[in-house]
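Novice: As input, take target-v7.tsv (TSV, C-alpha atoms):
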chain	number	residue	atom	x	y	z
A	136	MET	CA	112.89	-104.07	94.61
A	137	LYS	CA	112.00	-100.98	96.64
A	138	LYS	CA	113.23	-98.70	93.82
A	139	ARG	CA	110.80	-100.25	91.35
A	140	ALA	CA	107.69	-99.38	93.36
A	141	PRO	CA	107.80	-95.60	92.68
A	142	ARG	CA	108.40	-96.28	88.98
A	143	ARG	CA	105.43	-98.64	88.80
A	144	LEU	CA	103.30	-96.09	90.64
A	145	TRP	CA	104.35	-93.38	88.19
A	146	LEU	CA	103.48	-95.60	85.20
A	147	LEU	CA	100.07	-96.34	86.74
A	148	ILE	CA	99.39	-92.63	87.33
A	149	ARG	CA	100.48	-91.88	83.76
A	150	ARG	CA	98.09	-94.49	82.33
A	151	ILE	CA	95.25	-93.09	84.43
A	152	TRP	CA	95.89	-89.54	83.18
A	153	ILE	CA	96.11	-90.68	79.56
A	154	THR	CA	92.84	-92.58	79.94
A	155	ILE	CA	91.14	-89.57	81.54
A	156	GLY	CA	92.46	-87.34	78.77
A	157	LEU	CA	91.16	-89.63	76.03
A	158	LEU	CA	87.76	-89.91	77.72
A	159	ALA	CA	87.55	-86.14	78.18
A	160	THR	CA	88.41	-85.60	74.51
A	161	ALA	CA	85.75	-88.12	73.43
A	162	VAL	CA	83.14	-86.48	75.67
A	163	PHE	CA	84.06	-83.01	74.38
A	164	VAL	CA	83.84	-84.05	70.73
A	165	GLY	CA	80.54	-85.86	71.29
A	166	TRP	CA	79.08	-82.95	73.21
A	167	SER	CA	80.24	-80.49	70.53
A	168	LEU	CA	78.63	-82.51	67.75
A	169	TRP	CA	75.37	-82.47	69.69
A	170	ALA	CA	75.36	-78.87	71.04
A	171	TYR	CA	76.50	-77.21	67.84
A	172	ARG	CA	74.40	-79.17	65.38
A	173	PRO	CA	71.82	-77.29	63.29
A	174	THR	CA	68.17	-77.34	64.25
A	175	SER	CA	65.60	-79.00	62.00
A	176	GLY	CA	64.48	-75.55	60.90
A	177	ALA	CA	68.02	-74.73	59.78
A	178	LEU	CA	68.14	-77.87	57.64
A	179	GLU	CA	64.82	-76.91	56.05
A	180	ALA	CA	66.41	-73.64	54.94
A	181	LEU	CA	68.83	-75.60	52.73
A	182	ARG	CA	66.10	-76.55	50.27
A	183	THR	CA	66.03	-74.93	46.84
A	184	ASP	CA	62.80	-73.23	45.81
A	185	ASP	CA	61.69	-70.69	43.21
A	186	ARG	CA	63.20	-67.81	45.21
A	187	VAL	CA	66.60	-69.18	46.30
A	188	ALA	CA	68.79	-71.88	44.77
A	189	VAL	CA	70.92	-73.61	47.41
A	190	ILE	CA	74.05	-75.25	46.00
A	191	ARG	CA	76.53	-77.42	47.90
A	192	GLY	CA	80.05	-76.51	46.86
A	193	GLN	CA	83.48	-77.77	47.87
A	194	GLY	CA	83.84	-76.36	51.37
A	195	PHE	CA	80.88	-73.99	51.19
A	196	TRP	CA	77.13	-73.57	50.72
A	197	ARG	CA	75.85	-71.07	48.15
A	198	PHE	CA	72.49	-69.29	48.43
A	199	GLU	CA	71.71	-67.74	45.07
A	200	PRO	CA	68.65	-65.49	44.63
A	201	GLN	CA	66.37	-66.25	41.70
A	202	PRO	CA	66.16	-65.09	39.01
A	203	HIS	CA	68.56	-62.10	39.19
A	204	PRO	CA	71.04	-61.85	42.09
A	205	ASP	CA	72.29	-58.50	43.31
A	206	ALA	CA	75.86	-57.37	42.55
A	207	VAL	CA	76.71	-57.25	46.29
A	208	GLY	CA	77.24	-60.60	48.01
A	209	LEU	CA	77.93	-61.82	51.54
A	210	ALA	CA	80.61	-64.31	52.57
A	211	PHE	CA	79.84	-65.61	56.07
A	212	PHE	CA	82.01	-67.69	58.43
A	213	ALA	CA	80.53	-69.86	61.19
A	214	GLY	CA	81.55	-69.81	64.84
A	215	ALA	CA	84.01	-72.34	66.22
A	216	LEU	CA	82.69	-75.92	66.25
A	217	VAL	CA	79.31	-74.78	64.90
A	218	ASP	CA	77.96	-76.66	61.91
A	219	PRO	CA	77.78	-73.97	59.20
A	220	ARG	CA	74.30	-75.16	58.27
A	221	ALA	CA	73.13	-73.59	61.54
A	222	TYR	CA	73.35	-70.23	59.74
A	223	ALA	CA	71.27	-71.37	56.76
A	224	PRO	CA	68.10	-69.51	57.87
A	225	LEU	CA	70.05	-66.24	58.10
A	226	ALA	CA	71.64	-66.87	54.69
A	227	ARG	CA	68.29	-67.73	53.10
A	228	VAL	CA	66.51	-64.60	54.34
A	229	ILE	CA	69.33	-62.38	53.06
A	230	ALA	CA	69.29	-64.25	49.73
A	231	GLU	CA	65.52	-63.83	49.47
A	232	GLY	CA	66.22	-60.11	49.58
A	233	GLY	CA	68.37	-60.45	46.47
A	234	HIS	CA	71.89	-60.78	47.89
A	235	PRO	CA	73.93	-63.94	47.13
A	236	VAL	CA	75.32	-65.55	50.30
A	237	LEU	CA	78.18	-67.97	50.84
A	238	LEU	CA	78.47	-70.02	54.04
A	239	VAL	CA	82.14	-70.95	54.17
A	240	GLU	CA	83.05	-74.08	56.14
A	241	LEU	CA	86.02	-74.08	58.51
A	242	PRO	CA	88.37	-77.08	58.34
A	243	ARG	CA	87.57	-79.31	61.33
A	244	ARG	CA	84.98	-76.66	62.25
A	245	GLY	CA	87.80	-74.43	63.43
A	246	ALA	CA	89.17	-76.90	66.00
A	247	PHE	CA	92.84	-77.95	66.16
A	248	GLY	CA	93.99	-74.95	64.12
A	249	GLY	CA	91.25	-75.25	61.52
A	250	ALA	CA	90.61	-71.51	61.62
A	251	ASN	CA	94.24	-70.66	60.98
A	252	GLY	CA	96.36	-70.81	57.86
A	253	PRO	CA	95.58	-69.97	54.25
A	254	GLU	CA	93.00	-72.69	53.57
A	255	VAL	CA	90.04	-70.76	55.01
A	256	GLY	CA	90.74	-67.73	52.84
A	257	ALA	CA	91.36	-69.96	49.83
A	258	ARG	CA	87.96	-71.63	50.32
A	259	ALA	CA	86.26	-68.26	50.47
A	260	HIS	CA	87.92	-67.05	47.28
A	261	ARG	CA	87.09	-70.28	45.43
A	262	ALA	CA	83.48	-69.89	46.51
A	263	MET	CA	83.38	-66.27	45.35
A	264	LEU	CA	84.61	-67.29	41.91
A	265	THR	CA	81.43	-69.35	41.47
A	266	LEU	CA	79.46	-66.08	41.41
A	267	PRO	CA	81.26	-63.95	38.80
A	268	ALA	CA	78.31	-61.53	38.55
A	269	VAL	CA	78.94	-60.35	42.13
A	270	ARG	CA	81.14	-57.25	41.93
A	271	GLN	CA	81.42	-56.46	45.65
A	272	TRP	CA	81.73	-58.76	48.64
A	273	VAL	CA	80.95	-58.00	52.25
A	274	VAL	CA	82.70	-60.45	54.58
A	275	ALA	CA	81.14	-61.41	57.92
A	276	GLY	CA	81.36	-63.97	60.68
A	277	HIS	CA	80.01	-65.01	64.04
A	278	SER	CA	82.33	-65.43	67.03
A	279	LEU	CA	85.53	-67.10	65.74
A	280	GLY	CA	84.12	-66.58	62.24
A	281	GLY	CA	84.30	-62.86	62.94
A	282	ALA	CA	88.00	-63.22	63.72
A	283	ILE	CA	88.50	-64.91	60.34
A	284	ALA	CA	86.53	-62.23	58.53
A	285	ALA	CA	88.54	-59.50	60.26
A	286	ARG	CA	91.82	-61.17	59.34
A	287	LEU	CA	90.83	-61.48	55.68
A	288	VAL	CA	90.02	-57.78	55.52
A	289	PHE	CA	93.26	-56.97	57.36
A	290	GLU	CA	95.23	-58.91	54.75
A	291	GLN	CA	93.26	-57.45	51.82
A	292	PRO	CA	91.94	-54.05	53.01
A	293	THR	CA	90.76	-53.06	49.53
A	294	GLY	CA	89.58	-56.50	48.46
A	295	PHE	CA	86.22	-56.33	50.21
A	296	ALA	CA	83.43	-53.76	50.29
A	297	GLY	CA	82.59	-54.11	53.98
A	298	LEU	CA	83.07	-56.06	57.22
A	299	VAL	CA	80.35	-57.29	59.61
A	300	LEU	CA	81.36	-58.67	63.01
A	301	VAL	CA	78.65	-60.68	64.77
A	302	GLY	CA	78.95	-61.64	68.43
A	303	THR	CA	82.74	-61.35	68.51
A	304	SER	CA	85.34	-59.26	70.35
A	305	HIS	CA	87.80	-59.57	67.46
A	306	PRO	CA	90.06	-58.24	66.14
A	307	ARG	CA	92.28	-58.52	69.21
A	308	ASP	CA	95.81	-58.98	67.86
A	309	PHE	CA	95.86	-56.42	65.06
A	310	SER	CA	94.28	-53.09	64.24
A	311	LEU	CA	91.69	-52.23	61.61
A	312	ALA	CA	91.41	-48.65	62.85
A	313	ARG	CA	92.40	-47.30	59.42
A	314	LEU	CA	90.34	-49.72	57.39
A	315	PRO	CA	88.94	-47.89	54.33
A	316	VAL	CA	85.67	-49.88	54.15
A	317	PRO	CA	82.60	-49.64	56.44
A	318	VAL	CA	82.47	-51.88	59.51
A	319	THR	CA	79.39	-53.02	61.42
A	320	GLN	CA	79.59	-54.67	64.84
A	321	ILE	CA	76.49	-56.58	66.01
A	322	TYR	CA	76.26	-57.89	69.56
A	323	GLY	CA	73.76	-59.18	72.09
A	324	THR	CA	73.45	-57.44	75.43
A	325	ARG	CA	73.22	-60.84	77.17
A	326	ASP	CA	76.14	-62.39	75.30
A	327	THR	CA	78.61	-63.48	78.01
A	328	ILE	CA	81.05	-65.09	75.56
A	329	ALA	CA	81.72	-61.92	73.58
A	330	ASP	CA	80.43	-59.53	76.24
A	331	VAL	CA	80.32	-55.76	76.09
A	332	ASP	CA	83.43	-55.37	78.27
A	333	LYS	CA	85.49	-57.46	75.84
A	334	LEU	CA	84.15	-55.48	72.91
A	335	GLU	CA	85.05	-52.21	74.61
A	336	ALA	CA	88.55	-53.47	75.45
A	337	ASN	CA	89.25	-53.97	71.73
A	338	ARG	CA	87.28	-51.01	70.45
A	339	HIS	CA	90.49	-49.18	69.51
A	340	ASN	CA	91.19	-51.87	66.90
A	341	LEU	CA	88.17	-50.81	64.83
A	342	PRO	CA	87.58	-47.59	62.88
A	343	ALA	CA	86.00	-44.71	64.79
A	344	SER	CA	83.20	-44.80	62.21
A	345	THR	CA	82.25	-48.40	63.09
A	346	ARG	CA	78.48	-48.82	63.28
A	347	ARG	CA	77.58	-50.65	66.47
A	348	VAL	CA	74.27	-52.50	66.66
A	349	PRO	CA	73.31	-53.79	70.13
A	350	ILE	CA	70.50	-56.34	70.25
A	351	ASP	CA	68.78	-55.87	73.58
A	352	GLY	CA	68.15	-59.23	75.22
A	353	GLY	CA	70.12	-61.19	72.61
A	354	ASN	CA	72.80	-63.71	73.55
A	355	HIS	CA	75.64	-65.53	71.78
A	356	SER	CA	73.89	-68.78	70.87
A	357	GLN	CA	70.92	-67.24	69.07
A	358	PHE	CA	73.04	-65.73	66.31
A	359	GLY	CA	72.77	-69.20	64.79
A	360	TYR	CA	70.21	-72.01	64.81
A	361	TYR	CA	71.93	-74.51	67.10
A	362	GLY	CA	71.83	-75.55	70.76
A	363	PHE	CA	72.60	-73.46	73.81
A	364	GLN	CA	76.30	-72.65	74.14
A	365	PRO	CA	77.88	-73.27	77.56
A	366	GLY	CA	79.16	-70.07	79.13
A	367	ASP	CA	76.39	-68.02	77.53
A	368	TRP	CA	73.47	-66.33	79.29
A	369	PRO	CA	69.87	-67.15	78.41
A	370	ALA	CA	68.38	-64.61	76.02
A	371	THR	CA	65.33	-62.59	77.00
A	372	ILE	CA	64.11	-62.36	73.40
A	373	SER	CA	63.28	-65.16	70.99
A	374	ARG	CA	65.74	-66.50	68.45
A	375	GLU	CA	63.47	-65.21	65.68
A	376	GLN	CA	63.55	-61.67	67.12
A	377	GLN	CA	67.33	-61.76	67.41
A	378	GLN	CA	67.67	-63.12	63.88
A	379	ARG	CA	65.45	-60.40	62.43
A	380	ALA	CA	67.56	-57.70	64.05
A	381	THR	CA	70.77	-59.39	62.88
A	382	VAL	CA	69.57	-59.77	59.29
A	383	GLN	CA	68.39	-56.16	59.18
A	384	ALA	CA	71.80	-54.91	60.36
A	385	ILE	CA	73.66	-57.09	57.85
A	386	VAL	CA	71.43	-56.01	54.95
A	387	GLU	CA	71.93	-52.37	55.89
A	388	ALA	CA	75.70	-52.94	55.89
A	389	MET	CA	75.44	-54.46	52.41
A	390	ARG	CA	73.41	-51.51	51.14
A	391	ALA	CA	76.05	-49.15	52.51
A	392	ALA	CA	78.71	-51.14	50.66
A	393	ALA	CA	76.73	-50.89	47.43
A	394	VAL	CA	76.76	-47.10	47.36
A	395	ARG	CA	80.51	-46.76	47.84
Turn the structure described in the file into structure tokens.
Specialist:
Amino acid sequence: MKKRAPRRLWLLIRRIWITIGLLATAVFVGWSLWAYRPTSGALEALRTDDRVAVIRGQGFWRFEPQPHPDAVGLAFFAGALVDPRAYAPLARVIAEGGHPVLLVELPRRGAFGGANGPEVGARAHRAMLTLPAVRQWVVAGHSLGGAIAARLVFEQPTGFAGLVLVGTSHPRDFSLARLPVPVTQIYGTRDTIADVDKLEANRHNLPASTRRVPIDGGNHSQFGYYGFQPGDWPATISREQQQRATVQAIVEAMRAAAVR
């Protein structure tokens, strides 16, 4: 009988840990759905009007300028766990300037391996095929989305006209130092998730010609229209100011791609 007591105690401890793990997972998922949901203003940007047609595709959102879209388009990947609709205002402003934009969804929002594997790239290519008039694509992404964009360009170095990395320290595990297309790196000086030290540590993985665009006072969370991201620092500029600087840098990258 004495030998059974430790076994029963172990089973009890195991049940407690399993219960705690399940509760922690439920809390994390619930918190993520709340913190990374799009603002009401972001949802407003999904409405079609006489300047931009917004189309819901299979695994993507398409922002198509009216009446004549430019021949250079943008494929944009959201950050991990972030609802891609949180980047709708950014996509709309760029589309209003004439450039078609695709917001590509990550399977499971990038969680549980959703950012890995061929499906993400396949979604992007399927989305691009819906805009046959676009001759050149610039690929971009925020945070984990930047890692995806960098990987796509790494795998197809001549398949895209440019790369824009927003609030990300990627690429980390491979080098794009000899990439033949222009690269732009946009970051906030108060971003403590992809901070300047991390960017500098991986600087050797990008071409020497990389255009770096610091946004003074910008943080990680304000690159999209969603809640405040834990681990980030508060920004000292408004979200609108940070968005304007981000859009300007992206549009300039697209113009540079157009003249190549």
Novice: Name all residues at most 9 Å from region 261-270 of chain A (count only C-alpha atoms; drop same-chain ones fewer than 4 positions away) and give them as a list in words.
Specialist: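 Here the qualifying residues turn out to be Gly192, Gln193, Gly194, Phe195, Trp196, Arg197, Glu199, Pro204, Asp205, Ala206, Val207, Gly208, Ala210, Pro235, Leu237, Val239, Gly256 and Ala257 of chain A.
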Novice: For Tyr360 (chain A), which of A:Ser373, A:Thr183, A:Gln291, A:Ser310 is the closest residue, counting only C-alpha atoms?
Specialist: A:Ser373
Novice: Under the rule that all atoms listed in the file are counted, which of A:Thr303, A:Asn251, A:Arg313, A:Gln364 is the nearest residue to Val288 (chain A)?
Specialist: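 So, comparing all the options, the nearest one is A:Arg313.
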Novice: Would you mind reading off the distance between CA of Gly281 (chain A) and CA of Val301 (chain A), one decimal, in Å?
Specialist: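 Between CA of Gly281 (chain A) and CA of Val301 (chain A) the gap works out to 6.3 Å.
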Novice: Could you name the residues that touch Thr345 (chain A) at 9 Å or less, counting all atoms listed in the file, but leaving out those on the same chain fewer than 3 positions away, as a list in words?
Specialist: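 Those residues are Pro317, Val318, Thr319, Gln320, Leu341 and Pro342 of chain A.
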Novice: Could you state the separation of CA of Asp184 (chain A) and CA of Pro219 (chain A) in Å, given to one decimal place?
Specialist: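 One can read the CA of Asp184 (chain A) to CA of Pro219 (chain A) distance as 20.1 Å.
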Novice: Between A:Pro202, A:Gly352, A:Pro141, A:Gly297, which has the minimum distance to Ala284 (chain A) (counting all atoms listed in the file)?
Specialist: A:Gly297
Novice: Tell me, in Å to one decimal, how far CA of Leu279 (chain A) is from CA of Ala215 (chain A).
Specialist: 5.5 Å
Novice: Give the answer as one residue: which of A:Ala296, A:Val217, A:Val255, A:Ile229 has the shortest atom-to-atom distance to Val274 (chain A), using all atoms listed in the file?
Specialist: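 Between A:Ala296, A:Val217, A:Val255, A:Ile229, the residue approaching Val274 (chain A) most closely is A:Ala296.
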Novice: Smallest atom-to-atom distance to His277 (chain A): which of A:Ala393, A:Leu314, A:Ile321, A:Ile350, using all atoms listed in the file?
Specialist: A:Ile321
Novice: For each of A:Ala336, A:Leu209, A:Val382, A:Ile283, take the minimum atom-to-atom distance to Leu225 (chain A), counting only C-alpha atoms, then give the residue where this is smallest.
Specialist: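 Smallest separation from Leu225 (chain A) among the options: A:Val382.
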Novice: Show me the residues around (91.9, -49.6, 49.2) - criterion: an atom at most 7 Å away, all atoms listed in the file counted - as a list in words.
Specialist: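 Checked against the point, the hits come out as Pro292, Thr293 and Pro315 of chain A.
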Novice: Write out as a list of chain:residue names each polymer residue whose atoms come within 8 Å of Gly362 (chain A), counting only C-alpha atoms; drop sequence neighbours fewer than 4 positions from it.
Specialist: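 So, after excluding close chain neighbours, the residues are A:Trp169, A:Ala170, A:Tyr171, A:Arg172, A:Pro173, A:Thr174, A:Ser356.
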Novice: Compile the contact shell of Arg379 (chain A) as a CSV table (one decimal) with C-alpha atoms, in the frame of the given file: residues with an atom at most 12 Å away, counting all atoms listed in the file, same-chain residues fewer than 4 positions apart removed.
Specialist:
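Output file result.csv is given in full below:
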chain,number,residue,atom,x,y,z
A,224,PRO,CA,68.1,-69.5,57.9
A,225,LEU,CA,70.0,-66.2,58.1
A,226,ALA,CA,71.6,-66.9,54.7
A,228,VAL,CA,66.5,-64.6,54.3
A,229,ILE,CA,69.3,-62.4,53.1
A,350,ILE,CA,70.5,-56.3,70.2
A,353,GLY,CA,70.1,-61.2,72.6
A,357,GLN,CA,70.9,-67.2,69.1
A,358,PHE,CA,73.0,-65.7,66.3
A,359,GLY,CA,72.8,-69.2,64.8
A,372,ILE,CA,64.1,-62.4,73.4
A,373,SER,CA,63.3,-65.2,71.0
A,374,ARG,CA,65.7,-66.5,68.4
A,375,GLU,CA,63.5,-65.2,65.7
A,383,GLN,CA,68.4,-56.2,59.2
A,384,ALA,CA,71.8,-54.9,60.4
A,385,ILE,CA,73.7,-57.1,57.8
A,386,VAL,CA,71.4,-56.0,55.0
Novice: Could you work out an axis-aligned bounding box for all listed atoms of region 197-201 of chain A, with 3 Å added on each of the six sides, and give its centre and edge lengths in Å to one decimal, as AutoDock Vina command-line options?
Specialist:
--center_x 71.1 --center_y -68.3 --center_z 45.1 --size_x 15.5 --size_y 11.6 --size_z 12.7
Novice: So that I can see what lies close to Gly302 (chain A), please list as a list in words the residues with an atom at most 6 Å from it, counting all atoms listed in the file and leaving out residues fewer than 2 positions away in the same chain.
Specialist: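 Returned residues: His277, Ser278, Tyr322 and Ala329 of chain A.
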Novice: How would the residues just chosen look if you wrote them out with C-alpha atoms as a CSV table (one decimal), in the coordinates of the input?
Specialist:
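Written out: selection_18.csv:
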chain,number,residue,atom,x,y,z
A,277,HIS,CA,80.0,-65.0,64.0
A,278,SER,CA,82.3,-65.4,67.0
A,322,TYR,CA,76.3,-57.9,69.6
A,329,ALA,CA,81.7,-61.9,73.6
Novice: Output region 373-384 of chain A with all heavy atoms present, as an mmCIF file, keeping the file's coordinate frame.
Specialist:
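Output file out-v9.cif is given in full below:
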data_model
loop_
_atom_site.group_PDB
_atom_site.id
_atom_site.type_symbol
_atom_site.label_atom_id
_atom_site.label_comp_id
_atom_site.auth_asym_id
_atom_site.auth_seq_id
_atom_site.Cartn_x
_atom_site.Cartn_y
_atom_site.Cartn_z
ATOM 1 N N SER A 373 63.289 -63.905 71.729
ATOM 2 C CA SER A 373 63.280 -65.160 70.990
ATOM 3 C C SER A 373 64.414 -65.184 69.954
ATOM 4 O O SER A 373 64.954 -64.138 69.581
ATOM 5 C CB SER A 373 61.944 -65.349 70.268
ATOM 6 O OG SER A 373 61.806 -64.403 69.213
ATOM 7 N N ARG A 374 64.732 -66.376 69.497
ATOM 8 C CA ARG A 374 65.740 -66.500 68.450
ATOM 9 C C ARG A 374 65.293 -65.776 67.182
ATOM 10 O O ARG A 374 66.095 -65.144 66.496
ATOM 11 C CB ARG A 374 65.997 -67.982 68.141
ATOM 12 C CG ARG A 374 67.243 -68.209 67.262
ATOM 13 C CD ARG A 374 67.347 -69.656 66.814
ATOM 14 N NE ARG A 374 67.316 -70.589 67.917
ATOM 15 C CZ ARG A 374 68.398 -71.024 68.560
ATOM 16 N NH1 ARG A 374 69.592 -70.596 68.214
ATOM 17 N NH2 ARG A 374 68.296 -71.888 69.558
ATOM 18 N N GLU A 375 63.999 -65.864 66.884
ATOM 19 C CA GLU A 375 63.470 -65.210 65.680
ATOM 20 C C GLU A 375 63.632 -63.688 65.763
ATOM 21 O O GLU A 375 63.989 -63.038 64.774
ATOM 22 C CB GLU A 375 62.002 -65.582 65.478
ATOM 23 C CG GLU A 375 61.774 -67.029 65.041
ATOM 24 C CD GLU A 375 62.101 -68.046 66.118
ATOM 25 O OE1 GLU A 375 62.012 -67.690 67.330
ATOM 26 O OE2 GLU A 375 62.467 -69.194 65.776
ATOM 27 N N GLN A 376 63.377 -63.113 66.948
ATOM 28 C CA GLN A 376 63.550 -61.670 67.120
ATOM 29 C C GLN A 376 65.021 -61.278 66.934
ATOM 30 O O GLN A 376 65.333 -60.281 66.276
ATOM 31 C CB GLN A 376 63.072 -61.240 68.506
ATOM 32 C CG GLN A 376 61.565 -61.268 68.690
ATOM 33 C CD GLN A 376 61.173 -60.952 70.119
ATOM 34 O OE1 GLN A 376 61.561 -61.663 71.063
ATOM 35 N NE2 GLN A 376 60.405 -59.890 70.302
ATOM 36 N N GLN A 377 65.910 -62.062 67.525
ATOM 37 C CA GLN A 377 67.330 -61.760 67.410
ATOM 38 C C GLN A 377 67.812 -61.911 65.968
ATOM 39 O O GLN A 377 68.611 -61.100 65.487
ATOM 40 C CB GLN A 377 68.141 -62.676 68.334
ATOM 41 C CG GLN A 377 69.628 -62.334 68.354
ATOM 42 C CD GLN A 377 70.361 -63.001 69.497
ATOM 43 O OE1 GLN A 377 69.756 -63.430 70.486
ATOM 44 N NE2 GLN A 377 71.675 -63.103 69.383
ATOM 45 N N GLN A 378 67.296 -62.912 65.283
ATOM 46 C CA GLN A 378 67.670 -63.120 63.880
ATOM 47 C C GLN A 378 67.193 -61.985 62.998
ATOM 48 O O GLN A 378 67.913 -61.526 62.107
ATOM 49 C CB GLN A 378 67.108 -64.453 63.390
ATOM 50 C CG GLN A 378 67.844 -65.678 63.928
ATOM 51 C CD GLN A 378 69.181 -65.894 63.267
ATOM 52 O OE1 GLN A 378 69.299 -65.781 62.048
ATOM 53 N NE2 GLN A 378 70.195 -66.193 64.057
ATOM 54 N N ARG A 379 65.970 -61.512 63.233
ATOM 55 C CA ARG A 379 65.450 -60.400 62.430
ATOM 56 C C ARG A 379 66.318 -59.162 62.576
ATOM 57 O O ARG A 379 66.630 -58.484 61.589
ATOM 58 C CB ARG A 379 63.999 -60.096 62.816
ATOM 59 C CG ARG A 379 62.983 -61.064 62.237
ATOM 60 C CD ARG A 379 61.580 -60.506 62.338
ATOM 61 N NE ARG A 379 61.130 -60.339 63.709
ATOM 62 C CZ ARG A 379 60.524 -61.279 64.421
ATOM 63 N NH1 ARG A 379 60.287 -62.468 63.868
ATOM 64 N NH2 ARG A 379 60.136 -61.049 65.665
ATOM 65 N N ALA A 380 66.717 -58.865 63.813
ATOM 66 C CA ALA A 380 67.560 -57.700 64.050
ATOM 67 C C ALA A 380 68.937 -57.880 63.412
ATOM 68 O O ALA A 380 69.509 -56.926 62.854
ATOM 69 C CB ALA A 380 67.709 -57.462 65.556
ATOM 70 N N THR A 381 69.455 -59.101 63.468
ATOM 71 C CA THR A 381 70.770 -59.390 62.880
ATOM 72 C C THR A 381 70.722 -59.246 61.365
ATOM 73 O O THR A 381 71.591 -58.617 60.755
ATOM 74 C CB THR A 381 71.223 -60.798 63.260
ATOM 75 O OG1 THR A 381 71.238 -60.932 64.692
ATOM 76 C CG2 THR A 381 72.610 -61.101 62.716
ATOM 77 N N VAL A 382 69.714 -59.848 60.750
ATOM 78 C CA VAL A 382 69.570 -59.770 59.290
ATOM 79 C C VAL A 382 69.422 -58.326 58.840
ATOM 80 O O VAL A 382 70.048 -57.895 57.866
ATOM 81 C CB VAL A 382 68.367 -60.621 58.819
ATOM 82 C CG1 VAL A 382 68.015 -60.297 57.368
ATOM 83 C CG2 VAL A 382 68.685 -62.105 58.973
ATOM 84 N N GLN A 383 68.601 -57.561 59.551
ATOM 85 C CA GLN A 383 68.390 -56.160 59.180
ATOM 86 C C GLN A 383 69.714 -55.395 59.207
ATOM 87 O O GLN A 383 70.020 -54.618 58.284
ATOM 88 C CB GLN A 383 67.393 -55.501 60.134
ATOM 89 C CG GLN A 383 67.133 -54.031 59.804
ATOM 90 C CD GLN A 383 66.121 -53.389 60.758
ATOM 91 O OE1 GLN A 383 65.419 -54.081 61.504
ATOM 92 N NE2 GLN A 383 66.040 -52.078 60.736
ATOM 93 N N ALA A 384 70.527 -55.613 60.252
ATOM 94 C CA ALA A 384 71.800 -54.910 60.360
ATOM 95 C C ALA A 384 72.765 -55.332 59.255
ATOM 96 O O ALA A 384 73.496 -54.494 58.708
ATOM 97 C CB ALA A 384 72.423 -55.173 61.732
#
